[in-house]
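Chemist: This one is entry14.cif, mmCIF, C-alpha atoms.
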```
data_query
#
loop_
_atom_site.label_atom_id
_atom_site.label_comp_id
_atom_site.auth_asym_id
_atom_site.auth_seq_id
_atom_site.Cartn_x
_atom_site.Cartn_y
_atom_site.Cartn_z
CA MET A 396 64.87 149.73 -60.09
CA ARG A 397 65.51 148.04 -56.74
CA ALA A 398 68.93 148.00 -55.18
CA GLY A 399 70.43 144.66 -54.25
CA PRO A 400 72.12 144.10 -50.88
CA ARG A 401 75.51 145.27 -52.16
CA GLU A 402 74.08 148.53 -53.45
CA LEU A 403 72.24 149.44 -50.24
CA SER A 404 75.20 151.39 -48.90
CA GLU A 405 75.17 153.43 -52.11
CA LEU A 406 71.55 154.43 -51.42
CA SER A 407 72.71 156.52 -48.48
CA ARG A 408 75.30 158.42 -50.54
CA VAL A 409 73.62 159.40 -53.79
CA LEU A 410 70.32 161.23 -54.14
CA PRO A 411 68.05 159.97 -56.91
CA ASP A 412 67.94 162.11 -60.03
CA PRO A 413 65.31 163.34 -60.45
CA LEU A 414 64.51 163.62 -56.76
CA PRO A 415 60.81 162.88 -56.14
CA THR A 416 58.77 165.72 -54.63
CA LYS A 417 57.15 163.37 -52.11
CA ALA A 418 58.95 161.41 -49.40
CA ASN A 419 57.88 158.66 -47.01
CA LEU A 420 60.05 159.13 -43.91
CA GLY A 421 60.71 156.08 -41.76
CA CYS A 422 58.94 153.93 -44.33
CA GLY A 423 59.66 150.57 -42.70
CA TYR A 424 57.63 148.07 -44.72
CA ASP A 425 55.22 150.77 -45.99
CA ARG A 426 56.59 151.30 -49.50
CA ARG A 427 54.71 154.03 -51.37
CA GLU A 428 54.88 154.34 -55.13
CA GLY A 429 55.72 157.84 -56.36
CA TYR A 430 57.52 158.65 -53.08
CA LEU A 431 61.14 158.55 -52.05
CA ASN A 432 60.93 155.86 -49.35
CA VAL A 433 63.49 156.62 -46.64
CA ASP A 434 64.45 154.47 -43.66
CA LEU A 435 67.40 153.85 -41.38
CA TYR A 436 67.07 150.11 -41.88
CA PRO A 437 67.25 148.39 -45.27
CA HIS A 438 64.00 146.44 -44.93
CA GLU A 439 63.66 143.96 -47.76
CA GLY A 440 62.92 145.95 -50.90
CA THR A 441 61.14 148.91 -49.28
CA ALA A 442 63.61 151.76 -48.79
CA ASP A 443 64.90 153.72 -51.78
CA PHE A 444 67.27 155.71 -49.61
CA ILE A 445 68.92 154.69 -46.34
CA ALA A 446 69.23 157.58 -43.90
CA ASP A 447 68.56 158.70 -40.35
CA ILE A 448 65.33 160.65 -40.79
CA SER A 449 66.22 162.86 -37.81
CA ASP A 450 69.06 164.38 -39.85
CA LEU A 451 68.17 164.90 -43.49
CA ARG A 452 70.61 167.73 -44.32
CA ILE A 453 71.50 165.85 -47.50
CA PHE A 454 68.12 166.88 -48.96
CA PRO A 455 67.65 170.36 -50.43
CA SER A 456 65.60 172.95 -48.56
CA GLY A 457 62.12 173.66 -49.91
CA HIS A 458 62.06 170.70 -52.30
CA PHE A 459 59.21 168.47 -51.12
CA GLU A 460 55.50 169.10 -51.63
CA GLU A 461 54.60 166.27 -49.24
CA LEU A 462 56.28 164.36 -46.45
CA VAL A 463 54.64 161.33 -44.84
CA ALA A 464 55.92 160.34 -41.39
CA TYR A 465 53.63 157.63 -40.06
CA ASP A 466 54.44 155.92 -36.79
CA VAL A 467 57.97 157.34 -36.49
CA ILE A 468 58.13 160.57 -34.44
CA GLU A 469 57.49 158.63 -31.23
CA HIS A 470 60.76 156.72 -31.79
CA PHE A 471 62.82 159.82 -30.99
CA GLU A 472 63.70 161.28 -27.60
CA ARG A 473 61.16 163.86 -26.37
CA ASP A 474 63.70 166.68 -26.28
CA ARG A 475 64.59 166.09 -29.96
CA VAL A 476 61.04 166.10 -31.39
CA VAL A 477 60.76 169.84 -32.15
CA GLY A 478 64.22 169.92 -33.74
CA ILE A 479 63.34 166.96 -35.95
CA LEU A 480 60.05 168.59 -36.95
CA LYS A 481 61.98 171.79 -37.81
CA GLY A 482 64.30 169.73 -39.98
CA TRP A 483 61.35 168.21 -41.81
CA ALA A 484 59.71 171.63 -42.18
CA ARG A 485 62.92 172.90 -43.83
CA LEU A 486 62.46 170.30 -46.55
CA LEU A 487 58.94 171.46 -47.46
CA ARG A 488 58.02 173.90 -50.21
CA GLN A 489 55.92 176.89 -49.18
CA ASP A 490 52.48 175.39 -48.49
CA GLY A 491 54.06 171.92 -48.46
CA VAL A 492 52.34 169.31 -46.31
CA LEU A 493 53.55 167.01 -43.54
CA LYS A 494 51.31 164.02 -42.84
CA LEU A 495 52.05 162.61 -39.42
CA ARG A 496 50.66 159.76 -37.35
CA ALA A 497 51.55 159.17 -33.70
CA PRO A 498 50.03 157.43 -30.67
CA ASN A 499 47.52 159.50 -28.67
CA LEU A 500 48.55 158.89 -25.05
CA LEU A 501 45.29 160.31 -23.68
CA LYS A 502 43.23 157.77 -25.63
CA LEU A 503 45.63 154.96 -24.76
CA ALA A 504 45.56 155.81 -21.05
CA ALA A 505 41.77 155.97 -21.07
CA ALA A 506 41.60 152.60 -22.84
CA LEU A 507 44.04 151.07 -20.36
CA ALA A 508 42.00 152.39 -17.43
CA ALA A 509 38.68 151.10 -18.75
CA PRO A 510 37.45 148.08 -16.74
CA GLU A 511 36.67 146.09 -19.90
CA ASN A 512 40.31 146.38 -21.01
CA ARG A 513 42.00 145.15 -17.85
CA ASN A 514 42.54 141.58 -19.00
CA ALA A 515 46.14 140.66 -19.79
CA LYS A 516 45.68 140.24 -23.56
CA VAL A 517 44.14 143.69 -24.09
CA ALA A 518 46.59 145.33 -21.66
CA ALA A 519 49.54 143.76 -23.53
CA HIS A 520 48.21 145.14 -26.83
CA LEU A 521 47.83 148.63 -25.37
CA MET A 522 51.33 148.48 -23.87
CA HIS A 523 52.65 147.58 -27.33
CA LEU A 524 51.03 150.76 -28.69
CA ILE A 525 52.51 152.85 -25.86
CA TYR A 526 56.07 151.44 -25.85
CA GLY A 527 56.53 150.08 -29.39
CA THR A 528 57.05 146.49 -30.50
CA GLN A 529 60.66 146.51 -29.24
CA ALA A 530 61.46 143.93 -31.93
CA TYR A 531 64.78 145.65 -32.81
CA SER A 532 66.86 148.54 -31.49
CA GLY A 533 64.97 151.28 -33.36
CA ASP A 534 61.50 150.04 -32.47
CA TYR A 535 61.06 151.58 -29.01
CA HIS A 536 58.76 154.54 -28.34
CA LEU A 537 60.70 157.29 -26.59
CA ALA A 538 58.14 160.12 -26.83
CA GLY A 539 54.43 160.37 -26.29
CA PHE A 540 51.87 162.85 -27.49
CA THR A 541 48.64 164.47 -26.49
CA PRO A 542 46.68 166.49 -29.05
CA GLU A 543 47.68 169.79 -27.43
CA LEU A 544 51.35 168.85 -27.15
CA LEU A 545 51.65 167.74 -30.77
CA THR A 546 49.86 170.87 -32.00
CA SER A 547 52.25 173.02 -29.97
CA GLN A 548 55.34 171.15 -31.20
CA LEU A 549 54.26 171.45 -34.82
CA ALA A 550 53.64 175.20 -34.36
CA GLU A 551 57.08 175.62 -32.81
CA ALA A 552 58.50 173.98 -35.93
CA GLY A 553 56.66 176.47 -38.18
CA LEU A 554 53.87 174.11 -39.19
CA VAL A 555 50.13 174.74 -38.88
CA VAL A 556 47.71 171.87 -38.31
CA THR A 557 45.08 171.95 -41.04
CA LYS A 558 43.43 168.58 -40.43
CA SER A 559 43.40 166.09 -37.59
CA GLU A 560 41.56 162.95 -36.64
CA VAL A 561 41.80 159.95 -34.37
CA LEU A 562 42.52 156.74 -36.25
CA ASP A 563 41.88 153.30 -34.75
CA ALA A 564 40.84 155.06 -31.51
CA TYR A 565 44.49 155.42 -30.40
CA ASN A 566 46.45 157.26 -33.09
CA LEU A 567 46.52 160.95 -33.95
CA THR A 568 46.66 161.58 -37.69
CA VAL A 569 47.64 165.10 -38.61
CA THR A 570 48.11 167.12 -41.75
CA ALA A 571 50.21 170.21 -41.13
CA ARG A 572 51.15 172.84 -43.67
CA LEU A 573 54.21 175.02 -43.91
CA GLY A 574 53.26 178.69 -43.90
CA GLY A 575 50.19 180.51 -45.09
CA ALA A 576 47.58 178.00 -43.92
CA THR A 577 44.59 178.74 -41.76
CA PRO A 578 44.98 176.88 -38.46
CA ALA A 579 42.50 174.16 -37.65
CA GLU A 580 41.24 173.71 -34.12
CA THR A 581 43.57 171.97 -31.72
CA LEU A 582 43.76 168.24 -32.34
CA SER A 583 41.13 166.16 -30.61
#
```
Here is a file; write its structure as structure tokens.
Modeler:
Amino acid sequence: MRAGPRELSELSRVLPDPLPTKANLGCGYDRREGYLNVDLYPHEGTADFIADISDLRIFPSGHFEELVAYDVIEHFERDRVVGILKGWARLLRQDGVLKLRAPNLLKLAAALAAPENRNAKVAAHLMHLIYGTQAYSGDYHLAGFTPELLTSQLAEAGLVVTKSEVLDAYNLTVTARLGGATPAETLS
């Protein structure tokens, strides 16, 4: 059941019962069925729970089998990234999975430097990917990632990268597991 505008404030106070074992953090307009869709902003009909995904102490430790955090970690200050990843790791069951997507600054810089991409239209698109759309206060990119940096930050948070790939030539997509997993090679 969807909450109406008057009930949105209640979403941030009461956990669903039963609490799903999968969560979509920073869902924006990406509503996923079977997941608890969490966002700071009450986008029309997408979020099930309104919360700051950098502070999810309201959720029980070790509850989630999967967390999806696509296109959100770059919206936090660089010096907060590892702490936020540790907070998300706390939510995972043993062998739980975090699926993360973030801009790959190395690929973006290379694309920006390529002679064929120096026209204003392409450069503006690449700048959007680097700095965010800036359409509202939470839509600015405050952190950037290279494959090695993201791998290191995930490890510091207790997560091991088990799968990585480059999506759309500019984004890193990562699956990281809490505990017990065999590390994959550093992201590429």
Chemist: My list of candidates is A:Asp563, A:Glu543, A:Glu439, A:Glu472. Which is closest to Leu501 (chain A) when distances are computed with only C-alpha atoms?
Modeler: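 Using only C-alpha atoms, Leu501 (chain A) sits closest to A:Glu543.
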Chemist: Just checking: using only C-alpha atoms, which residue out of A:Glu428, A:Asp443, A:Glu511, A:Glu551 ends up closest to Val476 (chain A)?
Modeler: A:Glu551
Chemist: List as a PyMOL selection string the protein and nucleic acid residues near region 487-491 of chain A, meaning an atom at most 6 Å away when all atoms listed in the file are counted, but skip any in the same chain fewer than 3 places from it.
Modeler: chain A and resi 457-461+484+572-574
Chemist: Store the residues of this selection in a file with C-alpha atoms, as a PDB file, in the frame of the given file.
Modeler:
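And here's result-v2.pdb as it stands now:
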```pdb
ATOM      1  CA  GLY A 457      62.120 173.660 -49.910  1.00  0.00           C
ATOM      2  CA  HIS A 458      62.060 170.700 -52.300  1.00  0.00           C
ATOM      3  CA  PHE A 459      59.210 168.470 -51.120  1.00  0.00           C
ATOM      4  CA  GLU A 460      55.500 169.100 -51.630  1.00  0.00           C
ATOM      5  CA  GLU A 461      54.600 166.270 -49.240  1.00  0.00           C
ATOM      6  CA  ALA A 484      59.710 171.630 -42.180  1.00  0.00           C
ATOM      7  CA  ARG A 572      51.150 172.840 -43.670  1.00  0.00           C
ATOM      8  CA  LEU A 573      54.210 175.020 -43.910  1.00  0.00           C
ATOM      9  CA  GLY A 574      53.260 178.690 -43.900  1.00  0.00           C
TER      10      GLY A 574
END
```
Chemist: With all atoms listed in the file counted and 12 Å as the cut-off, give the residues of region 467-556 of chain A in contact with region 411-421 of chain A, each with its shortest interatomic distance in Å and the pair that gives it, as CSV.
Modeler:
```
residue,atom,partner,partner_atom,distance
A:Val467,CA,A:Gly421,CA,6.1
A:Ile468,CA,A:Gly421,CA,9.0
A:Glu469,CA,A:Gly421,CA,11.3
A:His470,CA,A:Gly421,CA,10.0
A:Phe471,CA,A:Gly421,CA,11.6
A:Ile479,CA,A:Leu420,CA,11.6
A:Leu480,CA,A:Leu420,CA,11.7
A:Trp483,CA,A:Leu420,CA,9.4
A:Leu486,CA,A:Ala418,CA,10.0
A:Leu487,CA,A:Thr416,CA,9.2
A:Arg488,CA,A:Thr416,CA,9.3
A:Gly491,CA,A:Lys417,CA,9.8
A:Val492,CA,A:Lys417,CA,9.6
A:Leu493,CA,A:Ala418,CA,9.7
A:Lys494,CA,A:Asn419,CA,9.4
A:Leu495,CA,A:Leu420,CA,9.8
A:Arg496,CA,A:Leu420,CA,11.5
A:Gly533,CA,A:Gly421,CA,10.6
A:Asp534,CA,A:Gly421,CA,11.1
```
Chemist: Work out how far CA of Ala464 (chain A) is from CA of Ile525 (chain A), in Å to one decimal.
Modeler: 17.6 Å
Chemist: Quick one: which residues end up in the PyMOL selection byres ((chain A and resi 524) around 10) for this structure, as a PyMOL selection string?
Modeler: chain A and resi 497-500+503+518-523+525-528+536+565-566
Chemist: Each side padded by 3 Å, which centre and which edge lengths in Å (one decimal) define the axis-aligned box around the listed atoms of region 422-435 of chain A? Give them as lines of an AutoDock Vina configuration file.
Modeler:
```
center_x = 61.1
center_y = 153.4
center_z = -48.9
size_x = 18.7
size_y = 16.6
size_z = 21.0
```
Chemist: In Å, with one decimal, what is the gap from CA of Val561 (chain A) to CA of Tyr424 (chain A)?
Modeler: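 That distance, rounded to one decimal, is 22.3 Å.
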Chemist: Give me, as a PyMOL selection string, all polymer residues having an atom no more than 10 Å from Glu560 (chain A), counting all atoms listed in the file and skipping those fewer than 3 positions away in the same chain.
Modeler: chain A and resi 496+542+563-564+566-570+582-583
Chemist: Have a look at CA of Ser456 (chain A) and CA of Leu410 (chain A) and let me know their distance in Å, one decimal.
Modeler: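 Distance reported for this atom pair: 13.8 Å.
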Chemist: For Thr546 (chain A), please output as number ranges by chain all residues within 8 Å (counting all atoms listed in the file; exclusion window: fewer than 2 positions along the same chain).
Modeler: A: 542-544, 548-550, 555-556, 581-582
Chemist: Run through the PyMOL selection byres ((chain A and resi 441) around 9) on the given coordinates and return the selected residues as a list of chain:residue names.
Modeler: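 When the PyMOL selection byres ((chain A and resi 441) around 9) is applied to the shown file, the picked residues are A:Arg397, A:Cys422, A:Gly423, A:Tyr424, A:Asp425, A:Arg426, A:Arg427, A:Asn432, A:Val433, A:Asp434, A:Pro437, A:His438, A:Glu439, A:Gly440, A:Ala442, A:Asp443.
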Chemist: Restricting the output to C-alpha atoms, write the selected residues as a compact mmCIF listing (two decimals), keeping the file's coordinate frame.
Modeler:
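Output (out_18.txt):
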```
# COMPACT_ATOMS: atom_id res chain seq x y z
CA ARG A 397 65.51 148.04 -56.74
CA CYS A 422 58.94 153.93 -44.33
CA GLY A 423 59.66 150.57 -42.70
CA TYR A 424 57.63 148.07 -44.72
CA ASP A 425 55.22 150.77 -45.99
CA ARG A 426 56.59 151.30 -49.50
CA ARG A 427 54.71 154.03 -51.37
CA ASN A 432 60.93 155.86 -49.35
CA VAL A 433 63.49 156.62 -46.64
CA ASP A 434 64.45 154.47 -43.66
CA PRO A 437 67.25 148.39 -45.27
CA HIS A 438 64.00 146.44 -44.93
CA GLU A 439 63.66 143.96 -47.76
CA GLY A 440 62.92 145.95 -50.90
CA ALA A 442 63.61 151.76 -48.79
CA ASP A 443 64.90 153.72 -51.78
```
Chemist: Here is a test: counting all atoms listed in the file, which residue of A:Tyr531, A:Val409, A:Arg473, A:Ser547 is nearest to Tyr436 (chain A)?
Modeler: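 Closest residue, counting all atoms listed in the file: A:Tyr531.
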Chemist: Looking at A:Ala505, A:Leu462, A:Leu431, A:Val477, which one is nearest to Phe444 (chain A), with distances taken over all atoms listed in the file?
Modeler: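 Using all atoms listed in the file, Phe444 (chain A) sits closest to A:Leu431.
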Chemist: Can you rebuild region 430-459 of chain A with N, CA and C atoms and give it as a compact mmCIF listing (two decimals), keeping the file's coordinate frame?
Modeler:
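Written file, selection-v6.txt:
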```txt
# COMPACT_ATOMS: atom_id res chain seq x y z
N TYR A 430 56.85 158.00 -54.20
CA TYR A 430 57.52 158.65 -53.08
C TYR A 430 58.97 158.17 -53.01
N LEU A 431 59.83 159.00 -52.45
CA LEU A 431 61.14 158.55 -52.05
C LEU A 431 60.96 157.90 -50.68
N ASN A 432 61.13 156.61 -50.59
CA ASN A 432 60.93 155.86 -49.35
C ASN A 432 62.25 155.82 -48.60
N VAL A 433 62.27 156.44 -47.41
CA VAL A 433 63.49 156.62 -46.64
C VAL A 433 63.38 155.89 -45.31
N ASP A 434 64.43 155.15 -44.96
CA ASP A 434 64.45 154.47 -43.66
C ASP A 434 65.89 154.26 -43.23
N LEU A 435 66.08 154.12 -41.94
CA LEU A 435 67.40 153.85 -41.38
C LEU A 435 67.81 152.41 -41.63
N TYR A 436 66.81 151.54 -41.72
CA TYR A 436 67.07 150.11 -41.88
C TYR A 436 66.70 149.66 -43.29
N PRO A 437 67.53 148.85 -43.90
CA PRO A 437 67.25 148.39 -45.27
C PRO A 437 66.28 147.21 -45.29
N HIS A 438 65.02 147.48 -44.89
CA HIS A 438 64.00 146.44 -44.93
C HIS A 438 63.91 145.90 -46.35
N GLU A 439 63.67 144.64 -46.47
CA GLU A 439 63.66 143.96 -47.76
C GLU A 439 62.86 144.70 -48.82
N GLY A 440 63.55 145.36 -49.74
CA GLY A 440 62.92 145.95 -50.90
C GLY A 440 62.02 147.14 -50.67
N THR A 441 62.07 147.80 -49.50
CA THR A 441 61.14 148.91 -49.28
C THR A 441 61.81 150.27 -49.39
N ALA A 442 62.97 150.45 -48.80
CA ALA A 442 63.61 151.76 -48.79
C ALA A 442 64.34 152.03 -50.11
N ASP A 443 64.15 153.26 -50.61
CA ASP A 443 64.90 153.72 -51.78
C ASP A 443 66.18 154.41 -51.34
N PHE A 444 66.15 154.91 -50.11
CA PHE A 444 67.27 155.71 -49.61
C PHE A 444 67.44 155.41 -48.13
N ILE A 445 68.63 155.03 -47.73
CA ILE A 445 68.92 154.69 -46.34
C ILE A 445 69.49 155.93 -45.65
N ALA A 446 68.78 156.39 -44.62
CA ALA A 446 69.23 157.58 -43.90
C ALA A 446 68.53 157.66 -42.55
N ASP A 447 69.16 158.37 -41.64
CA ASP A 447 68.56 158.70 -40.35
C ASP A 447 67.60 159.85 -40.59
N ILE A 448 66.31 159.62 -40.45
CA ILE A 448 65.33 160.65 -40.79
C ILE A 448 65.34 161.82 -39.81
N SER A 449 66.10 161.72 -38.73
CA SER A 449 66.22 162.86 -37.81
C SER A 449 67.27 163.85 -38.29
N ASP A 450 68.03 163.49 -39.31
CA ASP A 450 69.06 164.38 -39.85
C ASP A 450 69.10 164.21 -41.36
N LEU A 451 68.29 165.01 -42.03
CA LEU A 451 68.17 164.90 -43.49
C LEU A 451 68.80 166.11 -44.20
N ARG A 452 69.93 166.57 -43.70
CA ARG A 452 70.61 167.73 -44.32
C ARG A 452 71.03 167.46 -45.75
N ILE A 453 71.12 166.20 -46.13
CA ILE A 453 71.50 165.85 -47.50
C ILE A 453 70.44 166.30 -48.51
N PHE A 454 69.19 166.46 -48.05
CA PHE A 454 68.12 166.88 -48.96
C PHE A 454 68.06 168.40 -49.07
N PRO A 455 67.71 168.91 -50.25
CA PRO A 455 67.65 170.36 -50.43
C PRO A 455 66.46 171.00 -49.71
N SER A 456 66.67 172.18 -49.21
CA SER A 456 65.60 172.95 -48.56
C SER A 456 64.50 173.27 -49.56
N GLY A 457 63.25 173.24 -49.10
CA GLY A 457 62.12 173.66 -49.91
C GLY A 457 61.81 172.79 -51.11
N HIS A 458 62.25 171.55 -51.12
CA HIS A 458 62.06 170.70 -52.30
C HIS A 458 60.74 169.92 -52.30
N PHE A 459 60.31 169.45 -51.15
CA PHE A 459 59.21 168.47 -51.12
C PHE A 459 57.85 169.14 -50.99
```
